[in-house]
Each structure stands twice: as structure tokens, then as C-alpha cells.
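Structure file upload-v9.csv with CSV, C-alpha atoms:
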```
chain,number,residue,atom,x,y,z
W,1,MET,CA,77.8,81.3,58.2
W,2,THR,CA,81.5,81.7,57.6
W,3,ALA,CA,82.6,82.1,54.0
W,4,ASN,CA,85.3,79.8,52.6
W,5,PRO,CA,86.9,81.7,49.8
W,6,THR,CA,89.7,80.2,47.6
W,7,THR,CA,91.2,83.7,46.9
W,8,TYR,CA,91.4,87.1,48.4
W,9,PRO,CA,91.9,90.6,47.0
W,10,PRO,CA,95.5,91.3,46.0
W,11,VAL,CA,97.8,92.8,48.7
W,12,VAL,CA,99.4,96.1,47.5
W,13,GLU,CA,101.3,99.0,48.9
W,14,THR,CA,99.2,101.9,50.4
W,15,GLU,CA,99.9,104.2,47.5
W,16,THR,CA,98.5,101.7,45.0
W,17,TRP,CA,95.5,101.0,47.2
W,18,ARG,CA,94.8,104.7,47.5
W,19,ARG,CA,95.0,105.2,43.8
W,20,GLU,CA,92.6,102.4,43.1
W,21,LEU,CA,90.2,103.7,45.8
W,22,ASP,CA,90.4,107.2,44.3
W,23,ALA,CA,89.5,105.8,40.9
W,24,LEU,CA,86.5,104.0,42.4
W,25,ARG,CA,85.5,107.1,44.3
W,26,VAL,CA,85.0,108.9,41.0
W,27,ARG,CA,82.3,106.4,40.0
W,28,GLU,CA,80.8,106.4,43.5
W,29,LYS,CA,80.4,110.2,43.4
W,30,ALA,CA,78.9,110.1,39.9
W,31,ALA,CA,76.4,107.5,41.1
W,32,THR,CA,75.5,109.7,44.1
W,33,ARG,CA,74.9,112.7,41.8
W,34,GLU,CA,72.8,110.5,39.5
W,35,LEU,CA,70.7,109.4,42.5
W,36,ASP,CA,70.3,113.1,43.5
W,37,ALA,CA,69.0,113.8,40.0
W,38,ILE,CA,66.6,110.9,40.1
W,39,ALA,CA,65.3,112.1,43.5
W,40,ALA,CA,64.8,115.5,42.0
W,41,GLN,CA,62.8,114.0,39.1
W,42,ARG,CA,60.8,112.0,41.6
W,43,ARG,CA,59.9,115.2,43.5
W,44,ARG,CA,58.5,116.5,40.2
W,45,LEU,CA,56.3,113.6,39.5
W,46,PRO,CA,52.6,114.3,39.1
W,47,MET,CA,50.1,112.5,41.4
W,48,VAL,CA,46.8,110.9,41.3
W,49,ALA,CA,43.8,111.3,43.6
W,50,LEU,CA,42.6,108.2,45.4
W,51,PRO,CA,39.1,107.2,46.7
W,52,ASP,CA,38.3,107.1,50.4
W,53,TYR,CA,39.5,103.5,51.2
W,54,THR,CA,38.7,101.8,54.5
W,55,LEU,CA,41.3,99.5,56.0
W,56,GLU,CA,41.6,97.6,59.3
W,57,SER,CA,43.8,98.6,62.2
W,58,LYS,CA,44.3,97.0,65.6
W,59,ASP,CA,41.5,99.3,66.8
W,60,GLY,CA,39.1,98.6,64.0
W,61,PRO,CA,38.2,100.1,60.7
W,62,VAL,CA,40.2,103.2,59.6
W,63,ARG,CA,40.1,105.4,56.6
W,64,LEU,CA,43.2,105.6,54.4
W,65,VAL,CA,43.7,109.2,55.5
W,66,ASP,CA,43.9,108.0,59.1
W,67,LEU,CA,47.1,106.1,58.3
W,68,PHE,CA,48.8,109.4,58.1
W,69,ASP,CA,48.1,110.0,61.8
W,70,GLY,CA,48.1,113.7,61.3
W,71,GLU,CA,51.1,113.8,59.0
W,72,SER,CA,51.1,115.0,55.4
W,73,GLN,CA,53.2,112.2,53.8
W,74,LEU,CA,52.9,108.4,54.1
W,75,ILE,CA,55.1,105.5,53.0
W,76,THR,CA,53.5,102.0,52.9
W,77,TYR,CA,55.3,98.7,52.6
W,78,HIS,CA,52.9,96.0,51.2
W,79,HIS,CA,53.9,92.8,52.9
W,80,MET,CA,53.2,89.6,51.0
W,81,TRP,CA,50.6,87.3,52.6
W,82,SER,CA,49.9,83.6,52.1
W,83,PRO,CA,46.6,82.5,53.7
W,84,ASP,CA,46.8,79.7,56.2
W,85,SER,CA,50.6,79.8,56.3
W,86,GLU,CA,52.5,79.6,59.6
W,87,TRP,CA,55.3,81.7,58.1
W,88,GLN,CA,54.9,84.6,55.7
W,89,CYS,CA,57.3,85.7,53.0
W,90,GLY,CA,60.8,85.5,54.4
W,91,GLY,CA,62.0,88.4,52.2
W,92,CYS,CA,59.2,90.7,53.5
W,93,THR,CA,59.7,89.6,57.1
W,94,SER,CA,63.4,90.1,57.0
W,95,TYR,CA,63.2,93.4,55.1
W,96,THR,CA,60.7,95.0,57.4
W,97,HIS,CA,62.3,93.9,60.7
W,98,GLN,CA,65.2,96.3,60.1
W,99,PHE,CA,62.9,99.4,60.5
W,100,THR,CA,62.7,99.7,64.3
W,101,ARG,CA,63.0,103.5,65.0
W,102,LEU,CA,60.9,105.5,62.6
W,103,ASP,CA,60.0,108.5,64.9
W,104,PHE,CA,62.5,110.6,63.0
W,105,LEU,CA,60.1,110.7,60.1
W,106,ARG,CA,57.7,112.8,62.2
W,107,ARG,CA,60.3,115.7,61.8
W,108,TYR,CA,59.6,115.4,58.0
W,109,ASP,CA,55.8,115.4,58.4
W,110,ALA,CA,55.8,111.7,57.4
W,111,ARG,CA,55.0,108.2,58.5
W,112,PHE,CA,56.0,104.6,57.4
W,113,VAL,CA,53.7,101.6,57.9
W,114,VAL,CA,53.1,98.1,56.8
W,115,VAL,CA,49.9,97.1,54.9
W,116,THR,CA,49.1,93.5,54.1
W,117,GLN,CA,46.4,91.4,52.6
W,118,GLY,CA,46.2,89.3,55.7
W,119,PRO,CA,43.2,89.6,58.1
W,120,ILE,CA,44.1,92.1,60.8
W,121,ASP,CA,44.0,89.7,63.7
W,122,GLU,CA,46.3,87.2,61.8
W,123,ALA,CA,48.6,90.0,60.7
W,124,LEU,CA,49.0,91.4,64.2
W,125,ALA,CA,49.7,87.9,65.6
W,126,TYR,CA,52.4,87.4,63.0
W,127,ARG,CA,53.9,90.9,63.7
W,128,GLU,CA,54.1,89.8,67.3
W,129,LYS,CA,55.6,86.4,66.5
W,130,VAL,CA,58.4,87.8,64.4
W,131,GLY,CA,59.0,90.9,66.6
W,132,ASN,CA,58.2,93.5,64.0
W,133,GLU,CA,58.3,97.0,65.3
W,134,MET,CA,56.2,98.7,62.6
W,135,THR,CA,52.5,99.6,62.7
W,136,TRP,CA,50.5,97.2,60.6
W,137,TYR,CA,47.2,97.6,58.7
W,138,SER,CA,45.1,95.1,56.7
W,139,THR,CA,43.6,95.6,53.3
W,140,ALA,CA,42.0,92.2,53.3
W,141,ASN,CA,38.5,93.7,52.9
W,142,SER,CA,39.5,96.7,50.8
W,143,PRO,CA,40.6,97.0,47.1
W,144,PHE,CA,43.3,99.4,48.3
W,145,GLY,CA,46.2,96.9,48.0
W,146,ALA,CA,45.2,95.7,44.6
W,147,ASP,CA,44.7,99.3,43.4
W,148,VAL,CA,48.3,100.2,44.4
W,149,GLY,CA,50.1,97.2,42.9
W,150,ALA,CA,49.8,94.7,45.8
W,151,PRO,CA,46.8,92.4,45.2
W,152,ALA,CA,46.0,89.3,47.1
W,153,GLY,CA,48.4,86.6,46.1
W,154,GLY,CA,50.7,89.2,44.5
W,155,GLY,CA,54.1,90.4,45.4
W,156,PHE,CA,55.4,93.1,47.7
W,157,ALA,CA,55.5,96.8,46.8
W,158,MET,CA,56.1,100.2,48.3
W,159,ASN,CA,53.9,103.3,47.8
W,160,VAL,CA,54.1,106.9,48.8
W,161,PHE,CA,51.2,109.2,49.4
W,162,LEU,CA,50.5,112.8,50.1
W,163,ARG,CA,47.4,114.2,51.7
W,164,ASP,CA,45.7,117.6,51.4
W,165,GLY,CA,43.1,117.6,54.1
W,166,ASP,CA,41.1,114.4,53.7
W,167,THR,CA,42.1,113.9,50.1
W,168,VAL,CA,44.9,111.4,49.5
W,169,TYR,CA,47.1,111.3,46.5
W,170,ARG,CA,49.4,108.6,45.3
W,171,THR,CA,52.8,110.1,44.4
W,172,TRP,CA,55.3,107.1,43.9
W,173,HIS,CA,55.5,103.4,43.6
W,174,THR,CA,58.2,100.7,43.3
W,175,ASP,CA,58.6,97.0,43.7
W,176,GLY,CA,61.2,94.3,43.1
W,177,ARG,CA,64.7,95.6,43.4
W,178,GLY,CA,63.4,99.1,43.5
W,179,THR,CA,63.0,98.6,47.3
W,180,GLU,CA,66.8,98.0,47.9
W,181,GLN,CA,67.7,101.7,48.2
W,182,LEU,CA,65.1,102.0,51.0
W,183,SER,CA,67.1,99.6,53.1
W,184,HIS,CA,70.4,99.6,54.9
W,185,THR,CA,70.9,95.8,54.8
W,186,PHE,CA,71.8,95.6,51.1
W,187,ALA,CA,74.0,98.7,51.3
W,188,LEU,CA,76.0,97.2,54.1
W,189,MET,CA,76.4,93.9,52.2
W,190,ASP,CA,77.6,95.7,49.1
W,191,VAL,CA,80.6,97.4,50.8
W,192,LEU,CA,81.9,94.0,52.1
W,193,PRO,CA,84.8,92.6,50.2
W,194,TRP,CA,82.8,89.5,49.3
W,195,GLY,CA,79.6,91.4,48.7
W,196,ARG,CA,76.2,89.6,48.9
W,197,GLN,CA,77.8,86.3,47.9
W,198,GLU,CA,75.0,85.5,45.5
W,199,GLN,CA,75.7,83.7,42.2
W,200,TRP,CA,74.3,86.5,39.9
W,201,GLN,CA,76.9,89.0,41.1
W,202,ASP,CA,80.0,89.9,39.1
W,203,VAL,CA,82.9,88.8,41.4
W,204,PRO,CA,86.5,87.7,40.9
W,205,GLN,CA,87.3,84.0,40.4
W,206,GLY,CA,87.2,82.1,43.6
W,207,TRP,CA,85.0,84.5,45.6
W,208,PRO,CA,82.4,82.7,47.9
W,209,GLN,CA,79.0,82.5,46.2
W,210,SER,CA,75.7,80.9,47.0
W,211,GLY,CA,72.2,80.8,45.6
W,212,THR,CA,70.2,84.0,45.5
W,213,TYR,CA,68.3,84.5,48.9
W,214,GLU,CA,70.3,81.6,50.5
W,215,LYS,CA,71.9,83.8,53.1
W,216,TRP,CA,68.8,85.9,53.8
W,217,LEU,CA,67.2,85.5,57.2
W,218,ASP,CA,64.0,83.4,56.8
W,219,SER,CA,60.9,84.1,58.8
W,220,PRO,CA,61.6,81.5,61.5
W,221,GLU,CA,65.1,82.9,62.0
W,222,VAL,CA,63.7,86.4,62.3
W,223,ALA,CA,61.2,85.2,64.9
W,224,ALA,CA,64.0,83.4,66.8
W,225,LEU,CA,66.1,86.5,66.9
W,226,TYR,CA,63.5,89.2,67.4
W,227,GLY,CA,60.1,87.6,68.2
W,228,ARG,CA,58.5,88.6,71.5
W,229,SER,CA,59.0,85.1,72.9
W,230,SER,CA,62.7,85.2,72.2
W,231,SER,CA,63.4,88.2,74.5
```
Starting from the coordinates I provided, produce the structure as C-alpha cells.
Amino acid sequence: MTANPTTYPPVVETETWRRELDALRVREKAATRELDAIAAQRRRLPMVALPDYTLESKDGPVRLVDLFDGESQLITYHHMWSPDSEWQCGGCTSYTHQFTRLDFLRRYDARFVVVTQGPIDEALAYREKVGNEMTWYSTANSPFGADVGAPAGGGFAMNVFLRDGDTVYRTWHTDGRGTEQLSHTFALMDVLPWGRQEQWQDVPQGWPQSGTYEKWLDSPEVAALYGRSSS
């Protein structure tokens, strides 16, 4: 959808533009250093041991430790699930479709998968329908999802785990806007002159704005673009 702004950024000489950019760069670099410090604090978090959960995979029941597939670290995205719905959460569907090439994580002794409250057969059918490239597991018959902040009927979440042999530890969790930094979509939007074009954002007068989520791809759009039947 093309934006229809009523105003544009002011046009200035290159020297002025460079000066303004350099001033912004000071703040950007400070934010980068703060994110480095936050990551350092995250690496120093304690962890908690988890029981031996059993989930469902495309091949049948699997233990939580099996989700690591031999690696030592695991990231899980907990995809919202609405029973008996043709289309699942558009935000979750759109968010997870961006992760298509995750093999690089193997170099870091890690894996990234989707876990959902949906029954495994339905979850895999939905994955196929929307063209998702991640590996999916179901916690429909396990308390795992509820125990890590993603209960049935609840919202989305992300968790990180570390294993020592067959013992799994939970090391980190986030939800809501905490997931944005683990995405390239929002970062790309935020460097655009008009940004995300959502009404809550601080923008100059006349900038194009619309309702929150209005421009996000919804599940049927993701399916039309990337679903197996669309190729």
C-alpha cells in the first residue's frame, strides 16, 4: 500500500544533512553500547532446572531435550493458537515466516523452533498452509507451554534453554515488544523515513499514519505469498 504523506523531510545542503546525521549517530552508538551491556547482563542470568517434559513432533512424542537435536542451546517461539480457527494469530504467523534459514545457529551450538498449543497434526497442516520454514512442536498434551509463559489461550512468548546432558535449564524469557529485537522486520521499518506508520509513534506533523497492526501481513496474506499452494 502506497503512503500518501502531506509533508516530507526538509531538504537541506549536504553539510547540514551530515551534521544532523552525525548528531543522531551519537545516540545510535550509545544505544548499541547499552544493548551490548544488556546482553552481557543477560549472559550472567541464573537459570532454573526444568522437569522432563514430553511434547509432540511430526514423528511422535519427543522429550524436551530432544528439541535441541544434539545442540546445547535452544530458542523457542511460542505461537499463539486458537482452537477450531482457520487462521491463527496474524502477528505470530507473520513474525515466524521471516525465519527461513536457521542453519547458521548450528555453528553456535544452538537451534530455534516453534512450539504451539495446537495439536500437532493441525499445527503441521497450518505450517504447510502458510509456508512456514521452521520446525514445529506441540505442547497441547504437556504443561510445558503453560510453565514457560505460553498457556493455552494465552499470548506469544520466546524462551531460551541450555542443556547439560539430559537436564534442561530455562535461561531467558520475553514476550510482547521484547520480541522485536529478535526480528529484522521491525528494524527495517524503523530506518524508513515514514517508519512503521502506526499512530502511536512520534512523527512530524503530516506523516502517514494508520492503526497499529494495520499494515502487518495477516495470516491469509502470508499464505498467499508463501504457502505451499502459492508456489
### Query
For W:Ala223, which residue among W:His78, W:His173, W:Arg127, W:Arg18 is the nearest when counting only C-alpha atoms?
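For W:Ala223, the nearest of the candidates is W:Arg127.
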Contact table stretch 48-153 of chain W vs stretch 211-221 of chain W, cut-off 6 Å, shortest pair per residue, all atoms listed in the file, as a tab-separated table:
```
residue	atom	partner	partner_atom	distance
W:Gly90	CA	W:Asp218	CA	4.5
W:Thr93	CA	W:Ser219	CA	5.9
W:Ser94	CA	W:Leu217	CA	6.0
```
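From atom CA of W:Val114 back to atom CA of W:Arg101, the distance works out to 13.9 Å.
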Please determine the residues with any atom at most 12 Å from (49.4, 108.3, 66.8) (coordinates as given in the file, with all atoms listed in the file counting) and report them as an mmCIF file with C-alpha atoms, keeping the file's coordinate frame.
```
data_model
loop_
_atom_site.group_PDB
_atom_site.id
_atom_site.type_symbol
_atom_site.label_atom_id
_atom_site.label_comp_id
_atom_site.auth_asym_id
_atom_site.auth_seq_id
_atom_site.Cartn_x
_atom_site.Cartn_y
_atom_site.Cartn_z
ATOM 1 C CA ASP W 59 41.500 99.300 66.800
ATOM 2 C CA ASP W 66 43.900 108.000 59.100
ATOM 3 C CA LEU W 67 47.100 106.100 58.300
ATOM 4 C CA PHE W 68 48.800 109.400 58.100
ATOM 5 C CA ASP W 69 48.100 110.000 61.800
ATOM 6 C CA GLY W 70 48.100 113.700 61.300
ATOM 7 C CA GLU W 71 51.100 113.800 59.000
ATOM 8 C CA ASP W 103 60.000 108.500 64.900
ATOM 9 C CA ARG W 106 57.700 112.800 62.200
ATOM 10 C CA ALA W 110 55.800 111.700 57.400
ATOM 11 C CA ARG W 111 55.000 108.200 58.500
ATOM 12 C CA VAL W 113 53.700 101.600 57.900
ATOM 13 C CA THR W 135 52.500 99.600 62.700
#
```
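Counting all atoms listed in the file, stretch 48-50 of chain W has the following residues at most 10 Å away, ignoring those fewer than 4 positions along the same chain: Leu64, Phe144, Asp147, Val148, Phe161, Leu162, Arg163, Thr167, Val168, Tyr169, Arg170, Thr171 and Trp172 of chain W.
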### Message
So, with only C-alpha atoms as the atoms that count, which of W:Leu225, W:Val203, W:Leu124, W:Ala30 lies closest to W:Gln98?
### Response
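For W:Gln98, the nearest of the given residues is W:Leu225.
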### Task
Do a neighbour search on stretch 186-198 of chain W at 12 Å with all atoms listed in the file, toss out local chain neighbours closer than 5 positions, and write the hits as a PyMOL selection string.
chain W and resi 1-10+28+94-95+98+177-181+203-216
Selected residues, C-alpha atoms, written as a compact mmCIF listing (two decimals), keeping the file's coordinate frame, please.
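Below you can see part29.txt, which holds the result:
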```
# COMPACT_ATOMS: atom_id res chain seq x y z
CA MET W 1 77.80 81.30 58.20
CA THR W 2 81.50 81.70 57.60
CA ALA W 3 82.60 82.10 54.00
CA ASN W 4 85.30 79.80 52.60
CA PRO W 5 86.90 81.70 49.80
CA THR W 6 89.70 80.20 47.60
CA THR W 7 91.20 83.70 46.90
CA TYR W 8 91.40 87.10 48.40
CA PRO W 9 91.90 90.60 47.00
CA PRO W 10 95.50 91.30 46.00
CA GLU W 28 80.80 106.40 43.50
CA SER W 94 63.40 90.10 57.00
CA TYR W 95 63.20 93.40 55.10
CA GLN W 98 65.20 96.30 60.10
CA ARG W 177 64.70 95.60 43.40
CA GLY W 178 63.40 99.10 43.50
CA THR W 179 63.00 98.60 47.30
CA GLU W 180 66.80 98.00 47.90
CA GLN W 181 67.70 101.70 48.20
CA VAL W 203 82.90 88.80 41.40
CA PRO W 204 86.50 87.70 40.90
CA GLN W 205 87.30 84.00 40.40
CA GLY W 206 87.20 82.10 43.60
CA TRP W 207 85.00 84.50 45.60
CA PRO W 208 82.40 82.70 47.90
CA GLN W 209 79.00 82.50 46.20
CA SER W 210 75.70 80.90 47.00
CA GLY W 211 72.20 80.80 45.60
CA THR W 212 70.20 84.00 45.50
CA TYR W 213 68.30 84.50 48.90
CA GLU W 214 70.30 81.60 50.50
CA LYS W 215 71.90 83.80 53.10
CA TRP W 216 68.80 85.90 53.80
```
